[in-house]
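Structure file input_38.cif (mmCIF, C-alpha atoms) is printed below.
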data_structure
loop_
_atom_site.label_atom_id
_atom_site.label_comp_id
_atom_site.auth_asym_id
_atom_site.auth_seq_id
_atom_site.Cartn_x
_atom_site.Cartn_y
_atom_site.Cartn_z
CA MET A 1 235.77 19.80 35.26
CA PRO A 2 236.20 17.41 32.28
CA GLY A 3 236.71 18.86 28.84
CA SER A 4 233.95 19.32 26.26
CA LYS A 5 235.26 16.50 24.05
CA GLU A 6 235.25 14.02 26.92
CA ILE A 7 231.71 14.98 27.90
CA ARG A 8 230.50 14.60 24.29
CA THR A 9 232.02 11.14 24.20
CA LYS A 10 230.19 10.17 27.39
CA ILE A 11 226.90 11.53 26.06
CA LYS A 12 227.29 9.53 22.86
CA SER A 13 228.10 6.38 24.84
CA VAL A 14 225.01 6.74 27.07
CA GLN A 15 222.84 7.45 24.02
CA ASN A 16 224.01 4.20 22.42
CA THR A 17 223.27 2.34 25.65
CA ARG A 18 219.79 3.86 25.77
CA LYS A 19 219.10 2.65 22.23
CA ILE A 20 220.02 -0.91 23.28
CA THR A 21 217.91 -0.88 26.45
CA LYS A 22 214.95 0.61 24.54
CA ALA A 23 215.18 -2.14 21.93
CA MET A 24 215.40 -4.80 24.65
CA GLU A 25 212.37 -3.28 26.37
CA MET A 26 210.32 -3.55 23.18
CA VAL A 27 211.44 -7.13 22.53
CA ALA A 28 210.63 -8.13 26.13
CA ALA A 29 207.18 -6.51 25.83
CA SER A 30 206.45 -8.57 22.73
CA LYS A 31 207.69 -11.81 24.33
CA MET A 32 205.86 -10.99 27.56
CA ARG A 33 202.45 -11.04 25.89
CA LYS A 34 203.14 -14.42 24.30
CA ALA A 35 204.53 -15.85 27.55
CA GLN A 36 201.50 -14.66 29.51
CA GLU A 37 199.11 -16.15 26.96
CA ARG A 38 200.98 -19.46 27.10
CA MET A 39 200.99 -19.45 30.90
CA ARG A 40 197.27 -18.66 31.15
CA ALA A 41 196.45 -21.30 28.54
CA ALA A 42 198.21 -23.95 30.65
CA ARG A 43 196.37 -23.06 33.86
CA PRO A 44 193.01 -24.77 33.05
CA TYR A 45 194.74 -28.10 32.36
CA SER A 46 196.81 -27.75 35.52
CA GLU A 47 193.73 -27.00 37.63
CA LYS A 48 191.72 -29.85 36.08
CA ILE A 49 194.38 -32.48 36.67
CA ARG A 50 194.86 -31.06 40.18
CA ARG A 51 191.18 -31.77 40.94
CA LEU A 52 191.44 -35.25 39.47
CA ALA A 53 194.47 -36.03 41.63
CA ALA A 54 192.73 -34.58 44.71
CA ASN A 55 189.69 -36.79 44.11
CA LEU A 56 191.94 -39.77 43.56
CA SER A 57 193.82 -39.16 46.80
CA GLN A 58 190.52 -39.29 48.71
CA ALA A 59 189.12 -42.34 46.89
CA ASN A 60 189.06 -45.69 48.63
CA VAL A 61 191.61 -47.62 46.62
CA THR A 62 192.49 -50.59 48.80
CA GLU A 63 194.26 -52.66 46.17
CA TYR A 64 196.96 -50.12 45.26
CA ARG A 65 198.65 -47.15 46.87
CA HIS A 66 201.03 -45.07 44.75
CA ALA A 67 204.41 -44.03 46.17
CA PHE A 68 203.61 -40.37 45.42
CA LEU A 69 200.77 -40.48 47.96
CA SER A 70 202.64 -42.05 50.87
CA ARG A 71 205.86 -40.88 52.45
CA ALA A 72 207.26 -39.69 55.76
CA LYS A 73 205.95 -36.49 57.31
CA THR A 74 207.60 -33.32 56.07
CA GLU A 75 208.76 -32.30 59.56
CA GLN A 76 210.98 -35.41 59.62
CA LEU A 77 212.87 -34.69 56.41
CA LYS A 78 216.32 -36.21 56.18
CA ARG A 79 216.68 -36.45 52.40
CA VAL A 80 215.18 -33.68 50.29
CA GLY A 81 215.04 -32.88 46.57
CA LEU A 82 214.71 -29.35 45.22
CA ILE A 83 213.83 -28.40 41.63
CA VAL A 84 215.04 -24.83 41.03
CA VAL A 85 213.52 -22.92 38.09
CA THR A 86 215.40 -19.80 36.98
CA THR A 87 216.14 -17.99 33.72
CA ASP A 88 218.91 -18.67 31.23
CA LYS A 89 219.71 -14.97 30.77
CA GLY A 90 220.08 -12.00 33.08
CA LEU A 91 219.01 -8.36 32.76
CA CYS A 92 215.67 -9.09 34.44
CA GLY A 93 216.05 -7.16 37.69
CA GLY A 94 216.07 -9.10 40.94
CA LEU A 95 214.03 -12.03 39.60
CA ASN A 96 216.73 -14.70 39.91
CA THR A 97 218.31 -13.14 42.98
CA ASN A 98 215.05 -13.30 44.93
CA ILE A 99 214.27 -16.95 44.20
CA LEU A 100 217.88 -18.10 44.71
CA ARG A 101 218.12 -16.24 48.02
CA GLN A 102 214.93 -17.99 49.13
CA CYS A 103 216.31 -21.36 47.99
CA LEU A 104 219.52 -20.78 49.95
CA SER A 105 217.58 -19.86 53.08
CA THR A 106 215.33 -22.92 52.73
CA MET A 107 218.27 -25.29 52.19
CA ARG A 108 220.02 -23.94 55.27
CA GLY A 109 216.80 -24.41 57.22
CA TRP A 110 216.64 -28.05 56.12
CA GLU A 111 220.26 -28.57 57.12
CA SER A 112 219.71 -27.03 60.54
CA SER A 113 216.68 -29.34 60.99
CA GLY A 114 218.78 -32.42 60.39
CA ALA A 115 218.62 -32.98 56.62
CA LYS A 116 221.68 -34.95 55.55
CA ASP A 117 221.07 -35.26 51.80
CA ILE A 118 219.81 -32.35 49.66
CA ARG A 119 219.70 -33.01 45.92
CA VAL A 120 219.07 -30.27 43.38
CA THR A 121 217.70 -30.25 39.82
CA CYS A 122 218.31 -26.96 38.00
CA ILE A 123 216.09 -25.64 35.20
CA GLY A 124 217.81 -22.55 33.81
CA ASN A 125 221.42 -21.46 33.50
CA LYS A 126 221.37 -18.89 36.32
CA GLY A 127 220.25 -21.38 38.91
CA LEU A 128 222.73 -23.98 37.67
CA GLY A 129 225.65 -21.56 37.97
CA PHE A 130 224.57 -20.49 41.46
CA MET A 131 224.18 -24.06 42.75
CA GLN A 132 227.52 -25.11 41.29
CA ARG A 133 229.26 -22.18 42.98
CA LEU A 134 227.45 -23.07 46.19
CA GLY A 135 228.75 -26.63 45.98
CA ALA A 136 225.25 -28.15 46.03
CA ASN A 137 224.59 -31.74 44.94
CA VAL A 138 223.22 -31.08 41.43
CA ILE A 139 221.95 -34.41 40.09
CA SER A 140 220.43 -33.13 36.83
CA HIS A 141 219.89 -29.91 34.91
CA VAL A 142 218.56 -28.42 31.70
CA THR A 143 219.43 -25.03 30.18
CA HIS A 144 218.77 -23.06 26.98
CA LEU A 145 215.03 -23.67 26.99
CA GLY A 146 214.39 -20.70 24.72
CA ASP A 147 211.26 -18.58 24.97
CA THR A 148 208.86 -21.54 24.91
CA PRO A 149 208.86 -24.35 27.51
CA HIS A 150 208.91 -27.82 25.93
CA LEU A 151 207.96 -30.77 28.08
CA ASP A 152 210.25 -33.13 26.18
CA LYS A 153 213.25 -31.08 27.35
CA LEU A 154 212.03 -31.08 30.95
CA ILE A 155 211.15 -34.76 31.29
CA GLY A 156 214.75 -36.05 31.38
CA PRO A 157 216.12 -33.94 34.25
CA MET A 158 212.96 -34.07 36.35
CA LYS A 159 212.68 -37.85 35.89
CA VAL A 160 215.99 -38.23 37.72
CA MET A 161 214.48 -36.50 40.75
CA ILE A 162 211.13 -38.31 40.53
CA ASP A 163 212.80 -41.72 40.18
CA ALA A 164 214.90 -40.99 43.27
CA PHE A 165 211.71 -40.27 45.22
CA GLN A 166 209.97 -43.41 43.94
CA ALA A 167 213.01 -45.49 44.88
CA GLY A 168 212.74 -44.24 48.47
CA GLU A 169 215.98 -42.22 48.27
CA LEU A 170 214.18 -38.95 49.09
CA ASP A 171 211.57 -38.10 51.69
CA ALA A 172 210.14 -35.13 49.79
CA VAL A 173 210.64 -33.04 46.65
CA TYR A 174 210.04 -29.29 46.39
CA ILE A 175 209.87 -26.95 43.41
CA ALA A 176 211.08 -23.33 43.47
CA TYR A 177 209.99 -20.85 40.81
CA THR A 178 208.72 -17.29 40.39
CA ARG A 179 204.93 -17.09 40.20
CA PHE A 180 203.45 -14.50 37.85
CA ILE A 181 201.06 -12.13 39.63
CA ASN A 182 200.94 -9.22 37.18
CA THR A 183 203.32 -7.24 35.00
CA MET A 184 204.71 -5.28 37.95
CA LYS A 185 204.71 -8.07 40.54
CA GLN A 186 206.27 -11.53 40.56
CA GLU A 187 206.41 -13.71 43.65
CA PRO A 188 209.18 -16.26 44.42
CA VAL A 189 207.66 -19.44 45.86
CA ILE A 190 208.90 -22.83 47.06
CA GLU A 191 206.11 -25.41 47.02
CA PRO A 192 205.97 -29.09 47.98
CA LEU A 193 205.82 -31.30 44.90
CA LEU A 194 206.12 -34.81 46.34
CA PRO A 195 204.57 -36.47 48.22
CA LEU A 196 201.21 -35.26 46.92
CA SER A 197 199.39 -33.79 49.89
CA GLY A 198 195.78 -32.75 50.16
CA GLU A 199 196.93 -29.21 50.98
CA ARG A 200 198.86 -28.98 47.69
CA MET A 201 196.16 -30.56 45.54
CA GLY A 202 193.14 -28.99 47.21
CA THR A 203 190.57 -30.89 49.25
CA PRO A 204 187.67 -32.06 47.06
CA GLU A 205 184.12 -31.04 47.95
CA ARG A 206 183.08 -34.69 48.15
CA SER A 207 184.70 -38.07 47.71
CA TRP A 208 183.71 -41.03 45.61
CA ASP A 209 185.10 -44.29 44.34
CA TYR A 210 186.27 -45.05 40.81
CA LEU A 211 186.10 -48.00 38.49
CA TYR A 212 189.49 -48.49 36.86
CA GLU A 213 190.15 -49.88 33.40
CA PRO A 214 192.27 -51.91 32.82
CA ASP A 215 193.40 -51.80 36.48
CA ALA A 216 193.95 -49.31 39.31
CA GLN A 217 197.76 -49.40 39.12
CA SER A 218 197.95 -48.51 35.41
CA VAL A 219 195.50 -45.62 35.71
CA ILE A 220 196.92 -44.16 38.93
CA ASP A 221 200.54 -44.46 37.75
CA GLU A 222 199.78 -42.62 34.50
CA LEU A 223 197.62 -39.94 36.11
CA LEU A 224 200.01 -39.04 38.91
CA VAL A 225 203.02 -38.87 36.57
CA ARG A 226 201.04 -36.53 34.30
CA TYR A 227 200.06 -34.51 37.36
CA VAL A 228 203.67 -33.98 38.44
CA GLU A 229 204.68 -33.12 34.87
CA ALA A 230 201.85 -30.57 34.68
CA LEU A 231 202.98 -28.91 37.92
CA ILE A 232 206.57 -28.60 36.72
CA TYR A 233 205.52 -27.35 33.28
CA GLN A 234 203.22 -24.78 34.86
CA GLY A 235 206.04 -23.62 37.13
CA VAL A 236 208.35 -23.14 34.14
CA ALA A 237 205.62 -21.30 32.20
CA GLU A 238 204.95 -19.01 35.18
CA ASN A 239 208.68 -18.35 35.51
CA MET A 240 209.03 -17.44 31.82
CA ALA A 241 206.11 -15.01 32.01
CA SER A 242 207.67 -13.47 35.11
CA GLU A 243 211.04 -13.25 33.35
CA GLN A 244 209.78 -11.26 30.37
CA SER A 245 207.72 -8.94 32.59
CA ALA A 246 210.67 -8.29 34.90
CA ARG A 247 213.00 -7.73 31.94
CA MET A 248 210.62 -5.24 30.32
CA VAL A 249 210.34 -3.28 33.58
CA ALA A 250 214.11 -3.42 34.17
CA MET A 251 214.92 -2.22 30.64
CA LYS A 252 212.35 0.58 30.87
CA SER A 253 213.96 1.70 34.11
CA ALA A 254 217.41 1.53 32.49
CA THR A 255 216.17 3.56 29.51
CA ASP A 256 214.68 6.22 31.79
CA ASN A 257 217.86 6.38 33.86
CA ALA A 258 219.95 6.75 30.71
CA GLY A 259 217.78 9.68 29.68
CA ASN A 260 218.36 11.34 33.06
CA VAL A 261 222.13 10.80 32.78
CA ILE A 262 222.13 12.35 29.30
CA LYS A 263 220.32 15.43 30.61
CA GLU A 264 222.84 15.82 33.44
CA LEU A 265 225.79 15.40 31.07
CA GLN A 266 224.33 17.94 28.65
CA LEU A 267 224.00 20.40 31.52
CA VAL A 268 227.64 19.83 32.47
CA TYR A 269 228.64 20.15 28.82
CA ASN A 270 226.81 23.46 28.50
CA LYS A 271 228.48 24.78 31.65
CA ALA A 272 231.91 23.71 30.42
CA ARG A 273 231.28 25.27 27.01
CA GLN A 274 230.04 28.48 28.60
CA ALA A 275 233.10 28.62 30.85
CA ALA A 276 235.38 28.10 27.84
CA ILE A 277 233.65 30.91 25.89
CA THR A 278 233.84 33.24 28.90
CA LYS A 279 237.54 32.47 29.27
CA GLU A 280 238.19 33.20 25.58
CA ILE A 281 236.28 36.50 25.78
CA SER A 282 238.27 37.47 28.88
CA GLU A 283 241.52 36.68 27.09
CA ILE A 284 240.49 38.72 24.03
CA VAL A 285 239.43 41.68 26.16
CA GLY A 286 242.64 41.47 28.19
CA GLY A 287 244.72 41.31 25.03
CA ALA A 288 242.90 44.28 23.49
CA ALA A 289 243.38 46.30 26.67
CA ALA A 290 247.08 45.50 26.71
CA ILE A 291 247.48 46.63 23.06
CA ALA A 292 245.51 49.81 23.67
CA GLY A 293 247.60 50.57 26.74
#
Would you put the structure from the file into structure tokens?
Amino acid sequence: MPGSKEIRTKIKSVQNTRKITKAMEMVAASKMRKAQERMRAARPYSEKIRRLAANLSQANVTEYRHAFLSRAKTEQLKRVGLIVVTTDKGLCGGLNTNILRQCLSTMRGWESSGAKDIRVTCIGNKGLGFMQRLGANVISHVTHLGDTPHLDKLIGPMKVMIDAFQAGELDAVYIAYTRFINTMKQEPVIEPLLPLSGERMGTPERSWDYLYEPDAQSVIDELLVRYVEALIYQGVAENMASEQSARMVAMKSATDNAGNVIKELQLVYNKARQAAITKEISEIVGGAAAIAG
């Protein structure tokens, strides 16, 4: 059994750790509320532009067809792009592990189906490190986004992937992120981003034609680029809300576990102290008996 001094040192160490995890839990709870508000505020814009793009995809535009709306069927993928959204920091439970495991499984599935070229764009330091260790073809990345997603930081890396698709170098582009369900549940998803399919955008209730000013190409080009940007921004916002929720839950669990460890160590300490006192009393009684004898 370890000595009393060693046990006291361990108790003090766990107490200090518990203070850190408790502070991190409170910080994550504060950031979580802001991240959820930001994510929910972005959803109406994302849904509105989704409906506009869905209507546009069903409109009879004979004079112009955007590259985002026409590409090979997804079951014939030979060249694929994947945008991976993860966090910059750890200590958020299995959030990054779950989405990266799903990305790895999906990439292996593409390879087994005949995909020869898989290009990756990483948003977040954890995903970048994983893909680099994996030896994946990382064509662009962005890290250190902070607690607030900024579109100007995202445009550069994602434009590399979008330009490759427009140039005909990729058959399809997917985005992987963690969707926020509620504080206790976050769902890793990999969704098709390009080409824009009716399934992804939602089938409109009815179709109609548009009058374009100044011309169809200018309007469609601008709208579809904004649509793709909105999808990526929404994915990053969802991932950040999921990150803070997962971190708060993970730190609360760590704090509770630290409390349990402290209780166990205190019990061991009390037993060791009691054994030491009993031993001293036995020695005193034995010594007194020897003197009296």
Might you pull out every residue within 9 Å of A:Ile262, with only C-alpha atoms counted and same-chain residues fewer than 2 positions away left off, and present them as a PDB file with C-alpha atoms, keeping the file's coordinate frame?
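The resulting file, out-v1.pdb, is reproduced below:
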ATOM      1  CA  LYS A  10     230.190  10.170  27.390  1.00  0.00           C
ATOM      2  CA  ILE A  11     226.900  11.530  26.060  1.00  0.00           C
ATOM      3  CA  LYS A  12     227.290   9.530  22.860  1.00  0.00           C
ATOM      4  CA  VAL A  14     225.010   6.740  27.070  1.00  0.00           C
ATOM      5  CA  GLN A  15     222.840   7.450  24.020  1.00  0.00           C
ATOM      6  CA  ASN A 257     217.860   6.380  33.860  1.00  0.00           C
ATOM      7  CA  ALA A 258     219.950   6.750  30.710  1.00  0.00           C
ATOM      8  CA  GLY A 259     217.780   9.680  29.680  1.00  0.00           C
ATOM      9  CA  ASN A 260     218.360  11.340  33.060  1.00  0.00           C
ATOM     10  CA  GLU A 264     222.840  15.820  33.440  1.00  0.00           C
ATOM     11  CA  LEU A 265     225.790  15.400  31.070  1.00  0.00           C
ATOM     12  CA  GLN A 266     224.330  17.940  28.650  1.00  0.00           C
ATOM     13  CA  LEU A 267     224.000  20.400  31.520  1.00  0.00           C
TER      14      LEU A 267
END
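The smallest atom-to-atom distance between A:Ala164 and any of A:Ala230, A:Asp152, A:Val80, A:Val249, using all atoms listed in the file, is found for A:Val80.
Note on the selection: in this file the PyMOL selection byres ((chain A and resi 160) around 12) comes out as Gly81, Leu82, Ile83, Arg119, Val120, Thr121, Cys122, Val138, Ile139, Ser140, His141, Val142, Leu154, Ile155, Gly156, Pro157, Met158, Lys159, Met161, Ile162, Asp163, Ala164, Phe165, Gln166, Ala167, Glu169, Leu170 and Val173 of chain A.
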Exercise. Which residues come within 9 Å of A:Leu231, counting only C-alpha atoms, excluding same-chain residues fewer than 6 positions away, as an NGL selection string?
Worked result: :A and (46 or 50 or 193)
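In this structure, atom CA of A:Thr86 sits 6.7 Å away from atom CA of A:Tyr177.
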Exercise. Which residue gives the smallest distance to A:Met24 among A:Leu104, A:Ala136, A:Leu91, A:Ile281, with all atoms listed in the file counted?
Worked result: A:Leu91
For this session: With the file shown as input, list the residues that the PyMOL selection byres ((chain A and resi 269) around 12) selects, as a PyMOL selection string.
Result: chain A and resi 1-11+262-268+270-276
Restricting the output to C-alpha atoms, write the selected residues as a short mmCIF file (atom, residue, chain, number, x, y, z; two decimals), in the frame of the given file.
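And here is the file that came out, selection32.cif:
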data_model
loop_
_atom_site.label_atom_id
_atom_site.label_comp_id
_atom_site.auth_asym_id
_atom_site.auth_seq_id
_atom_site.Cartn_x
_atom_site.Cartn_y
_atom_site.Cartn_z
CA MET A 1 235.77 19.80 35.26
CA PRO A 2 236.20 17.41 32.28
CA GLY A 3 236.71 18.86 28.84
CA SER A 4 233.95 19.32 26.26
CA LYS A 5 235.26 16.50 24.05
CA GLU A 6 235.25 14.02 26.92
CA ILE A 7 231.71 14.98 27.90
CA ARG A 8 230.50 14.60 24.29
CA THR A 9 232.02 11.14 24.20
CA LYS A 10 230.19 10.17 27.39
CA ILE A 11 226.90 11.53 26.06
CA ILE A 262 222.13 12.35 29.30
CA LYS A 263 220.32 15.43 30.61
CA GLU A 264 222.84 15.82 33.44
CA LEU A 265 225.79 15.40 31.07
CA GLN A 266 224.33 17.94 28.65
CA LEU A 267 224.00 20.40 31.52
CA VAL A 268 227.64 19.83 32.47
CA ASN A 270 226.81 23.46 28.50
CA LYS A 271 228.48 24.78 31.65
CA ALA A 272 231.91 23.71 30.42
CA ARG A 273 231.28 25.27 27.01
CA GLN A 274 230.04 28.48 28.60
CA ALA A 275 233.10 28.62 30.85
CA ALA A 276 235.38 28.10 27.84
#
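Remark: for A:Tyr233, the closest of the candidate residues A:Thr106, A:Asn137, A:Gln132, A:Thr148 is A:Thr148 (distances computed over all atoms listed in the file).
The residues returned by the PyMOL selection byres ((chain A and resi 115) around 7) on the shown structure are Leu77, Lys78, Arg79, Trp110, Glu111, Ser113, Gly114, Lys116 and Asp117 of chain A.
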Could those selected residues go to a file with C-alpha atoms, as a compact mmCIF listing (two decimals), in the coordinates of the input?
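File part-v3.txt, as written:
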# COMPACT_ATOMS: atom_id res chain seq x y z
CA LEU A 77 212.87 -34.69 56.41
CA LYS A 78 216.32 -36.21 56.18
CA ARG A 79 216.68 -36.45 52.40
CA TRP A 110 216.64 -28.05 56.12
CA GLU A 111 220.26 -28.57 57.12
CA SER A 113 216.68 -29.34 60.99
CA GLY A 114 218.78 -32.42 60.39
CA LYS A 116 221.68 -34.95 55.55
CA ASP A 117 221.07 -35.26 51.80
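Put simply, atom CA of A:Gly135 is 23.0 Å away from atom CA of A:Pro192.
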